[in-house]
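As provided, my_file.txt (compact mmCIF, C-alpha atoms and all ligand atoms) reads as follows.
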```
# COMPACT_ATOMS: atom_id res chain seq x y z
CA MET A 1036 69.08 73.51 110.98
CA THR A 1037 70.03 75.23 114.23
CA PRO A 1038 73.47 76.82 113.79
CA LYS A 1039 76.25 75.52 116.00
CA LEU A 1040 78.50 78.15 117.59
CA CYS A 1041 81.61 77.11 119.53
CA ALA A 1042 83.87 79.10 121.84
CA ILE A 1043 87.29 77.60 122.55
CA GLY A 1044 89.09 78.55 125.74
CA GLU A 1045 89.37 78.45 129.49
CA ALA A 1046 86.85 79.16 132.22
CA MET A 1047 88.17 79.52 135.75
CA ILE A 1048 86.71 79.33 139.20
CA GLU A 1049 86.20 82.92 140.36
CA LEU A 1050 86.35 84.03 144.00
CA ALA A 1051 84.83 87.50 144.25
CA PRO A 1052 84.68 89.46 147.52
CA VAL A 1053 81.28 89.99 149.16
CA GLU A 1054 80.55 91.54 152.58
CA GLY A 1055 82.30 90.54 155.79
CA GLY A 1056 85.55 89.22 154.30
CA LEU A 1057 83.70 86.44 152.50
CA TYR A 1058 84.05 85.35 148.89
CA ALA A 1059 81.42 84.21 146.43
CA ARG A 1060 82.33 81.39 144.07
CA GLY A 1061 81.55 81.83 140.40
CA PHE A 1062 82.95 80.82 137.03
CA ALA A 1063 84.40 83.14 134.39
CA GLY A 1064 86.82 83.37 131.50
CA ASP A 1065 86.85 85.52 128.38
CA THR A 1066 85.61 83.07 125.72
CA PHE A 1067 83.22 81.48 128.20
CA ASN A 1068 81.73 84.90 129.03
CA THR A 1069 81.18 85.46 125.30
CA ALA A 1070 79.60 82.01 124.77
CA TRP A 1071 77.37 82.41 127.83
CA HIS A 1072 76.00 85.79 126.68
CA MET A 1073 75.47 84.47 123.14
CA ALA A 1074 73.48 81.56 124.53
CA GLN A 1075 71.32 83.90 126.64
CA VAL A 1076 70.48 86.36 123.85
CA LEU A 1077 70.00 83.73 121.12
CA GLY A 1078 68.13 81.10 123.16
CA PRO A 1079 66.94 78.17 121.04
CA ARG A 1080 67.93 79.91 117.80
CA ALA A 1081 71.48 78.54 118.15
CA ARG A 1082 73.40 75.74 119.82
CA VAL A 1083 76.19 77.52 121.67
CA GLY A 1084 78.92 75.36 123.14
CA MET A 1085 82.23 75.57 124.95
CA VAL A 1086 85.24 73.65 123.76
CA THR A 1087 87.38 73.35 126.87
CA ARG A 1088 88.84 70.83 129.27
CA LEU A 1089 87.81 70.36 132.89
CA GLY A 1090 88.80 67.98 135.67
CA ARG A 1091 86.75 65.13 137.09
CA ASP A 1092 86.37 66.81 140.48
CA ALA A 1093 83.25 68.25 142.10
CA LEU A 1094 83.99 71.86 141.08
CA SER A 1095 84.43 70.86 137.45
CA ASP A 1096 81.14 68.95 137.69
CA ALA A 1097 79.43 72.01 139.20
CA PHE A 1098 80.66 74.19 136.34
CA ALA A 1099 79.53 71.69 133.70
CA ALA A 1100 76.12 71.47 135.37
CA GLU A 1101 75.84 75.26 135.47
CA MET A 1102 76.63 75.44 131.75
CA VAL A 1103 73.91 72.91 130.96
CA ALA A 1104 71.42 74.75 133.18
CA ASP A 1105 72.25 77.98 131.34
CA GLY A 1106 71.62 76.43 127.93
CA LEU A 1107 75.18 75.78 126.80
CA ASP A 1108 76.19 72.70 124.84
CA VAL A 1109 78.88 70.74 126.73
CA SER A 1110 79.50 68.04 124.12
CA GLY A 1111 82.85 69.72 123.33
CA VAL A 1112 84.01 69.63 126.96
CA SER A 1113 86.65 67.00 127.64
CA ARG A 1114 87.74 65.81 131.08
CA ASP A 1115 91.24 65.41 132.48
CA ASP A 1116 92.06 62.64 134.94
CA HIS A 1117 94.97 64.52 136.49
CA ARG A 1118 94.19 68.22 136.35
CA ARG A 1119 91.51 70.60 137.59
CA MET A 1120 90.14 74.06 136.70
CA GLY A 1121 92.25 77.15 137.19
CA LEU A 1122 91.20 79.70 139.80
CA TYR A 1123 91.37 83.44 140.31
CA LEU A 1124 90.59 85.65 143.27
CA ILE A 1125 89.55 89.30 143.09
CA GLU A 1126 91.00 91.58 145.74
CA LEU A 1127 89.32 94.91 146.45
CA ASP A 1128 91.29 97.90 147.66
CA GLY A 1129 88.63 100.60 147.81
CA VAL A 1130 87.27 100.63 144.27
CA GLU A 1131 90.48 99.23 142.76
CA ARG A 1132 90.29 95.56 141.84
CA SER A 1133 93.29 93.32 141.47
CA PHE A 1134 93.26 89.77 140.20
CA HIS A 1135 95.33 86.88 141.55
CA TYR A 1136 95.55 83.77 139.38
CA TRP A 1137 96.30 80.10 139.96
CA ARG A 1138 95.95 78.77 136.43
CA GLU A 1139 99.36 77.49 135.34
CA THR A 1140 98.44 73.82 135.79
CA SER A 1141 94.80 73.96 134.67
CA ALA A 1142 93.10 71.22 132.65
CA ALA A 1143 92.14 73.82 129.99
CA ARG A 1144 95.81 74.13 128.98
CA HIS A 1145 95.36 70.64 127.49
CA LEU A 1146 92.15 71.33 125.53
CA ALA A 1147 93.98 70.75 122.22
CA ASP A 1148 96.06 67.72 123.22
CA ASP A 1149 93.82 65.27 121.34
CA PRO A 1150 93.53 66.31 117.66
CA GLN A 1151 90.64 63.92 116.87
CA ALA A 1152 88.58 65.05 119.86
CA LEU A 1153 89.19 68.70 119.00
CA GLU A 1154 88.12 68.28 115.38
CA ALA A 1155 85.07 66.29 116.44
CA ALA A 1156 84.07 69.08 118.84
CA LEU A 1157 84.30 71.67 116.06
CA THR A 1158 82.67 69.64 113.27
CA GLY A 1159 79.53 71.24 111.93
CA ALA A 1160 80.16 74.61 113.59
CA SER A 1161 79.14 77.69 111.63
CA LEU A 1162 81.10 79.98 113.97
CA ILE A 1163 84.16 79.32 116.12
CA HIS A 1164 85.28 82.01 118.57
CA LEU A 1165 88.62 82.05 120.36
CA SER A 1166 91.00 84.58 121.86
CA GLY A 1167 94.63 85.38 122.44
CA ILE A 1168 94.15 83.94 125.93
CA THR A 1169 93.15 80.62 124.34
CA LEU A 1170 96.44 80.67 122.41
CA ALA A 1171 98.51 81.87 125.38
CA ILE A 1172 97.51 78.95 127.63
CA LEU A 1173 98.46 76.30 125.04
CA ALA A 1174 101.95 74.86 124.56
CA PRO A 1175 103.34 75.53 121.04
CA PRO A 1176 102.57 72.00 119.71
CA ALA A 1177 98.96 72.29 120.96
CA ARG A 1178 98.66 75.65 119.18
CA GLU A 1179 99.67 73.88 115.95
CA THR A 1180 96.99 71.23 116.57
CA LEU A 1181 94.44 73.98 117.13
CA PHE A 1182 95.50 75.87 113.97
CA SER A 1183 95.12 72.66 111.93
CA ALA A 1184 91.67 72.02 113.39
CA LEU A 1185 90.64 75.61 112.61
CA ALA A 1186 91.91 75.32 109.03
CA ARG A 1187 90.05 72.04 108.54
CA THR A 1188 86.76 73.29 110.03
CA ARG A 1189 87.05 76.52 108.07
CA SER A 1190 87.41 74.57 104.83
CA GLN A 1191 84.10 72.92 105.76
CA GLY A 1192 82.41 76.32 106.01
CA ALA A 1193 82.97 77.54 109.57
CA ARG A 1194 83.81 81.20 110.18
CA VAL A 1195 86.54 81.87 112.75
CA SER A 1196 86.24 84.82 115.14
CA PHE A 1197 89.26 86.01 117.13
CA ASP A 1198 89.68 88.55 119.95
CA PRO A 1199 93.43 89.01 120.64
CA ASN A 1200 92.58 90.03 124.24
CA ILE A 1201 96.28 90.52 124.95
CA ARG A 1202 97.51 89.58 128.44
CA ALA A 1203 101.28 90.01 128.37
CA ARG A 1204 101.93 88.06 131.56
CA LEU A 1205 100.47 84.87 130.04
CA TRP A 1206 103.21 84.87 127.39
CA PRO A 1207 106.83 83.77 127.83
CA SER A 1208 108.09 86.75 125.79
CA PRO A 1209 106.78 89.75 123.83
CA GLU A 1210 108.21 88.15 120.66
CA GLU A 1211 106.22 84.94 121.10
CA LEU A 1212 103.08 86.99 121.87
CA ARG A 1213 103.45 89.03 118.68
CA GLN A 1214 104.50 86.07 116.56
CA THR A 1215 101.56 83.86 117.64
CA LEU A 1216 98.91 86.59 117.51
CA THR A 1217 100.08 87.37 113.97
CA ALA A 1218 100.37 83.73 112.85
CA ILE A 1219 96.69 83.04 113.50
CA LEU A 1220 95.37 85.91 111.37
CA PRO A 1221 95.32 84.01 108.03
CA LEU A 1222 92.85 81.62 109.70
CA VAL A 1223 90.58 84.40 110.98
CA ASP A 1224 87.39 85.70 109.33
CA ILE A 1225 86.24 88.10 112.06
CA ALA A 1226 88.72 89.99 114.29
CA LEU A 1227 87.55 91.87 117.37
CA PRO A 1228 90.64 93.61 118.83
CA SER A 1229 90.68 96.36 121.47
CA PHE A 1230 92.74 99.35 120.40
CA ASP A 1231 94.60 99.88 123.70
CA ASP A 1232 95.99 96.31 123.60
CA GLU A 1233 97.11 96.65 119.98
CA GLU A 1234 98.65 100.07 120.59
CA THR A 1235 100.67 98.71 123.54
CA HIS A 1236 101.89 95.50 121.94
CA PHE A 1237 101.99 96.26 118.21
CA GLY A 1238 102.61 100.02 118.26
CA ASP A 1239 99.46 100.92 116.30
CA THR A 1240 99.05 104.70 116.28
CA SER A 1241 95.25 104.75 115.77
CA PRO A 1242 92.27 102.35 115.58
CA GLU A 1243 92.45 102.80 111.78
CA ALA A 1244 96.05 101.54 111.87
CA THR A 1245 94.85 98.44 113.77
CA LEU A 1246 92.06 97.91 111.22
CA LYS A 1247 94.51 98.19 108.32
CA ARG A 1248 97.06 95.83 109.91
CA PHE A 1249 94.42 93.11 110.39
CA GLN A 1250 93.04 93.65 106.88
CA ALA A 1251 96.56 93.41 105.42
CA ALA A 1252 96.93 90.04 107.20
CA GLY A 1253 93.85 88.78 105.34
CA VAL A 1254 91.03 89.30 107.87
CA THR A 1255 87.97 90.50 105.96
CA GLU A 1256 85.77 91.55 108.90
CA VAL A 1257 87.60 93.69 111.46
CA VAL A 1258 85.92 95.57 114.31
CA VAL A 1259 88.19 97.60 116.60
CA LYS A 1260 86.82 98.30 120.08
CA ASN A 1261 88.09 101.29 122.00
CA GLY A 1262 86.43 101.56 125.43
CA ALA A 1263 84.13 104.60 125.51
CA GLY A 1264 85.51 105.76 122.15
CA PRO A 1265 83.98 104.97 118.76
CA VAL A 1266 84.12 101.47 117.27
CA THR A 1267 86.08 101.32 113.99
CA CYS A 1268 85.13 99.02 111.11
CA HIS A 1269 85.62 98.95 107.31
CA ALA A 1270 82.78 101.45 106.85
CA GLY A 1271 84.25 104.00 109.27
CA GLN A 1272 83.50 104.77 112.91
CA ILE A 1273 80.38 104.18 114.96
CA GLU A 1274 80.04 106.26 118.14
CA THR A 1275 79.70 104.38 121.42
CA PRO A 1276 76.63 105.58 123.34
CA PRO A 1277 77.58 106.90 126.81
CA VAL A 1278 76.88 104.47 129.65
CA SER A 1279 75.82 105.93 132.99
CA GLU A 1280 76.44 104.33 136.38
CA ILE A 1281 79.24 101.99 135.33
CA ARG A 1282 79.77 99.49 138.18
CA ASP A 1283 82.52 97.24 136.81
CA THR A 1284 84.30 97.22 133.45
CA THR A 1285 85.26 93.53 133.71
CA GLY A 1286 84.04 91.57 130.71
CA ALA A 1287 82.86 94.57 128.65
CA GLY A 1288 84.84 93.40 125.63
CA ASP A 1289 83.65 89.78 125.99
CA ALA A 1290 80.02 90.93 126.09
CA PHE A 1291 80.56 93.20 123.08
CA ASN A 1292 81.86 90.17 121.18
CA ALA A 1293 78.77 88.17 122.19
CA GLY A 1294 76.29 90.82 121.03
CA TYR A 1295 78.23 91.40 117.81
CA LEU A 1296 78.63 87.73 116.91
CA ALA A 1297 75.06 86.82 117.86
CA ALA A 1298 73.73 89.59 115.60
CA ARG A 1299 76.00 88.52 112.73
CA MET A 1300 74.84 84.92 113.15
CA MET A 1301 71.25 86.18 112.87
CA GLY A 1302 72.22 87.69 109.51
CA HIS A 1303 72.35 91.34 110.60
CA PRO A 1304 74.83 93.73 108.92
CA VAL A 1305 78.04 94.88 110.62
CA ASP A 1306 76.74 98.29 111.77
CA ARG A 1307 73.70 96.76 113.45
CA ALA A 1308 75.90 94.05 115.02
CA ILE A 1309 78.20 96.73 116.45
CA ARG A 1310 75.16 98.38 118.07
CA ALA A 1311 74.14 95.00 119.51
CA GLY A 1312 77.66 94.61 120.92
CA GLN A 1313 77.56 98.08 122.48
CA ALA A 1314 74.12 97.40 123.96
CA LEU A 1315 75.17 94.09 125.54
CA SER A 1316 78.41 95.51 126.96
CA SER A 1317 76.48 98.43 128.46
CA VAL A 1318 74.40 95.93 130.46
CA VAL A 1319 77.54 94.18 131.72
CA LEU A 1320 79.16 97.54 132.60
CA ARG A 1321 76.20 98.43 134.83
CA HIS A 1322 76.47 95.19 136.85
CA PRO A 1323 79.29 93.75 138.97
CA GLY A 1324 81.22 90.84 137.50
CA ALA A 1325 81.94 89.72 133.95
CA ARG A 1326 78.43 88.50 133.21
CA ALA A 1327 75.11 90.32 133.41
CA PRO A 1328 72.28 88.85 135.50
CA LYS A 1329 69.96 86.84 133.27
CA SER A 1330 67.06 89.07 134.33
CA ALA A 1331 68.83 92.09 132.77
CA LEU A 1332 69.25 90.44 129.36
CA LEU A 1333 66.75 90.65 126.51
CA PRO A 1334 66.61 88.25 123.56
CA LEU A 1335 68.38 89.69 120.53
CA ASP A 1336 65.92 91.05 117.98
N1 LIG B 1 83.48 103.68 129.58
C1 LIG B 1 82.69 103.08 128.67
N2 LIG B 1 81.56 103.69 128.24
C2 LIG B 1 80.74 103.12 127.32
N3 LIG B 1 80.99 101.92 126.76
C3 LIG B 1 82.10 101.27 127.14
C4 LIG B 1 83.01 101.79 128.10
N4 LIG B 1 84.01 100.90 128.28
C5 LIG B 1 83.75 99.87 127.46
N5 LIG B 1 82.60 100.09 126.77
C6 LIG B 1 81.95 99.17 125.80
O1 LIG B 1 82.62 97.91 125.86
C7 LIG B 1 83.25 97.64 124.61
C8 LIG B 1 84.56 96.95 124.87
O2 LIG B 1 85.37 97.80 125.63
P1 LIG B 1 86.95 97.76 125.61
O3 LIG B 1 87.41 98.48 126.83
O4 LIG B 1 87.45 98.27 124.32
O5 LIG B 1 87.26 96.20 125.68
P2 LIG B 1 87.93 95.32 126.83
O6 LIG B 1 86.93 95.18 127.92
O7 LIG B 1 88.19 94.03 126.14
O8 LIG B 1 89.18 96.04 127.22
C9 LIG B 1 83.35 98.96 123.91
O9 LIG B 1 83.34 98.81 122.51
C10 LIG B 1 82.10 99.69 124.39
O10 LIG B 1 80.96 99.29 123.65
MG MG B 2 89.26 92.51 125.88
```
Before we go any further, please render this structure as structure tokens.
Ligand SMILES: Nc1ncnc2c1ncn2[C@@H]1O[C@H](COP(=O)(O)OP(=O)(O)O)[C@@H](O)[C@H]1O
Ligand SMILES: [Mg+2]
Amino acid sequence: MTPKLCAIGEAMIELAPVEGGLYARGFAGDTFNTAWHMAQVLGPRARVGMVTRLGRDALSDAFAAEMVADGLDVSGVSRDDHRRMGLYLIELDGVERSFHYWRETSAARHLADDPQALEAALTGASLIHLSGITLAILAPPARETLFSALARTRSQGARVSFDPNIRARLWPSPEELRQTLTAILPLVDIALPSFDDEETHFGDTSPEATLKRFQAAGVTEVVVKNGAGPVTCHAGQIETPPVSEIRDTTGAGDAFNAGYLAARMMGHPVDRAIRAGQALSSVVLRHPGARAPKSALLPLD
């Protein structure tokens, strides 16, 4: 049977500057970027879906149609009568990029409001991927609903993958950030943290310290990313091949997750999956935006 892979989270409307003071409209969001790349490199070998909430407006429809056209399963997408997608705009000052968000009232913040719908969306999944951003956008009761759904689906055989992807400004306080990102770990099978985030918010002194902290919390498969530095896993460190002509670092971690998880779903061992993650993020690094052009992506072997 074709394995079902689900990413839970928020995609936003993206306005990215092009020439002449104009903006190009796209769609992006960390877990969506990961799901999209997994769908491209796995093709018909997996059913990759998004579990999110959209509005009933034309932009939400356009995003849903784009997901279908790109091979994503939208059966886990619910619609909100009163809310729409969040939006962000990228401002360029020379080569510096800054991001401006309008996401506080987005439909995705309500993706876990209906426990039955959430469990139905996850039923039968062999892999569920979510991030700290997914948790940050949910109200505390919705986080509890999500944790229950993860526990239930996990007891039915799903593996849960988690990238803390820490964004401090999405959290009401550093305490709530740390408390929530720690509380989920007993439900996690695969953790994909980035060392700089964990150093800043948890005081880890090295990638090994991050690895050990996640392992102590019960996560069996931990892979610590560290930009251009080596990737750290239970077996030690794997060097990151240098990438020339980096255009834009946005989405490098999301693409790494996609290559890694896709390779693991194909049954490859951790070291080979890390290399697949590095290879996919190198493609994203060499192109503008959080997703690589389809023409630059090869099927995973
Ligand atoms: N400067 C770089 N050179 C080569 N690879 C990089 C570079 N920056 C990121 N990567 C690749 O992207 C992955 C994720 O990068 P990282 O910066 O740790 O995550 P995030 O984008 O989430 O902050 C790394 O493991 C590596 O494979
Ligand atoms: Mg990241």
Extending 8 Å beyond the listed atoms of ligand LIG 1 (chain B) on each side, what axis-aligned box results? I want centre and edge lengths in Å to one decimal, as lines of an AutoDock Vina configuration file.
```
center_x = 85.0
center_y = 98.9
center_z = 126.0
size_x = 24.4
size_y = 25.7
size_z = 23.1
```
* Spatial neighbours of Ser1141 (chain A), max dist 10 Å, all atoms listed in the file, sep filter under 2 positions, as a VMD selection string -> chain A and resid 1045 to 1047 1088 to 1090 1115 1117 to 1122 1137 to 1139 1143 to 1146 1172
* Would you mind listing the residues within 10 Å of ligand LIG 1 (chain B), counting all atoms listed in the file, as number ranges by chain? => A: 1065, 1198-1201, 1227-1232, 1258-1267, 1273-1281, 1283-1292, 1309-1321, 1325
* For ligand MG 2 (chain B), the nearest of the candidates A:Met1085, A:Ala1293, A:Val1076, A:Ile1125, counting all atoms listed in the file ->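 For ligand MG 2 (chain B), the nearest of the given residues is A:Ala1293.
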* Atomic separation - CA of Gly1044 (chain A) relative to CA of Thr1087 (chain A), Å ->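 Computing the Euclidean distance for CA of Thr1087 (chain A) and CA of Gly1044 (chain A) yields 5.6 Å.
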* Asked: Pick the closest to ligand MG 2 (chain B) from A:Ala1100, A:Asn1068, A:Asp1105, A:Leu1170: which is it, counting only C-alpha atoms and all ligand atoms?
  ->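 Closest to ligand MG 2 (chain B) of all the choices is A:Asn1068.
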* Structure fact -> For Glu1126 (chain A), the closest of A:Ala1059, A:Pro1052, A:Ala1177, A:Leu1107 counting all atoms listed in the file is A:Pro1052
* Asked: Nearest to ligand MG 2 (chain B): which of A:Arg1194, A:Arg1202, A:Arg1132, A:Arg1299 is it, counting only C-alpha atoms and all ligand atoms?
  -> A:Arg1202
* Tell me, in Å to one decimal, how far CA of His1322 (chain A) is from CA of Glu1233 (chain A). =>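 Result for CA of His1322 (chain A) versus CA of Glu1233 (chain A): 26.7 Å, one decimal.
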* Restricting the calculation to only C-alpha atoms, which member of A:Pro1150, A:Pro1038, A:Gly1064, A:Gly1253 is positioned closest to Pro1079 (chain A)? ->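 Looking only at the distances to Pro1079 (chain A), the closest residue turns out to be A:Pro1038.
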* From the set A:Ala1042, A:Ala1174, A:Leu1057, A:Ala1186, which residue has the shortest atom-to-atom contact distance to Glu1154 (chain A), counting all atoms listed in the file? -> A:Ala1186
* CA of Leu1296 (chain A) to CA of Val1195 (chain A), straight-line distance in Å ->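 Atom-to-atom, CA of Val1195 (chain A) and CA of Leu1296 (chain A) are spaced 10.7 Å apart.
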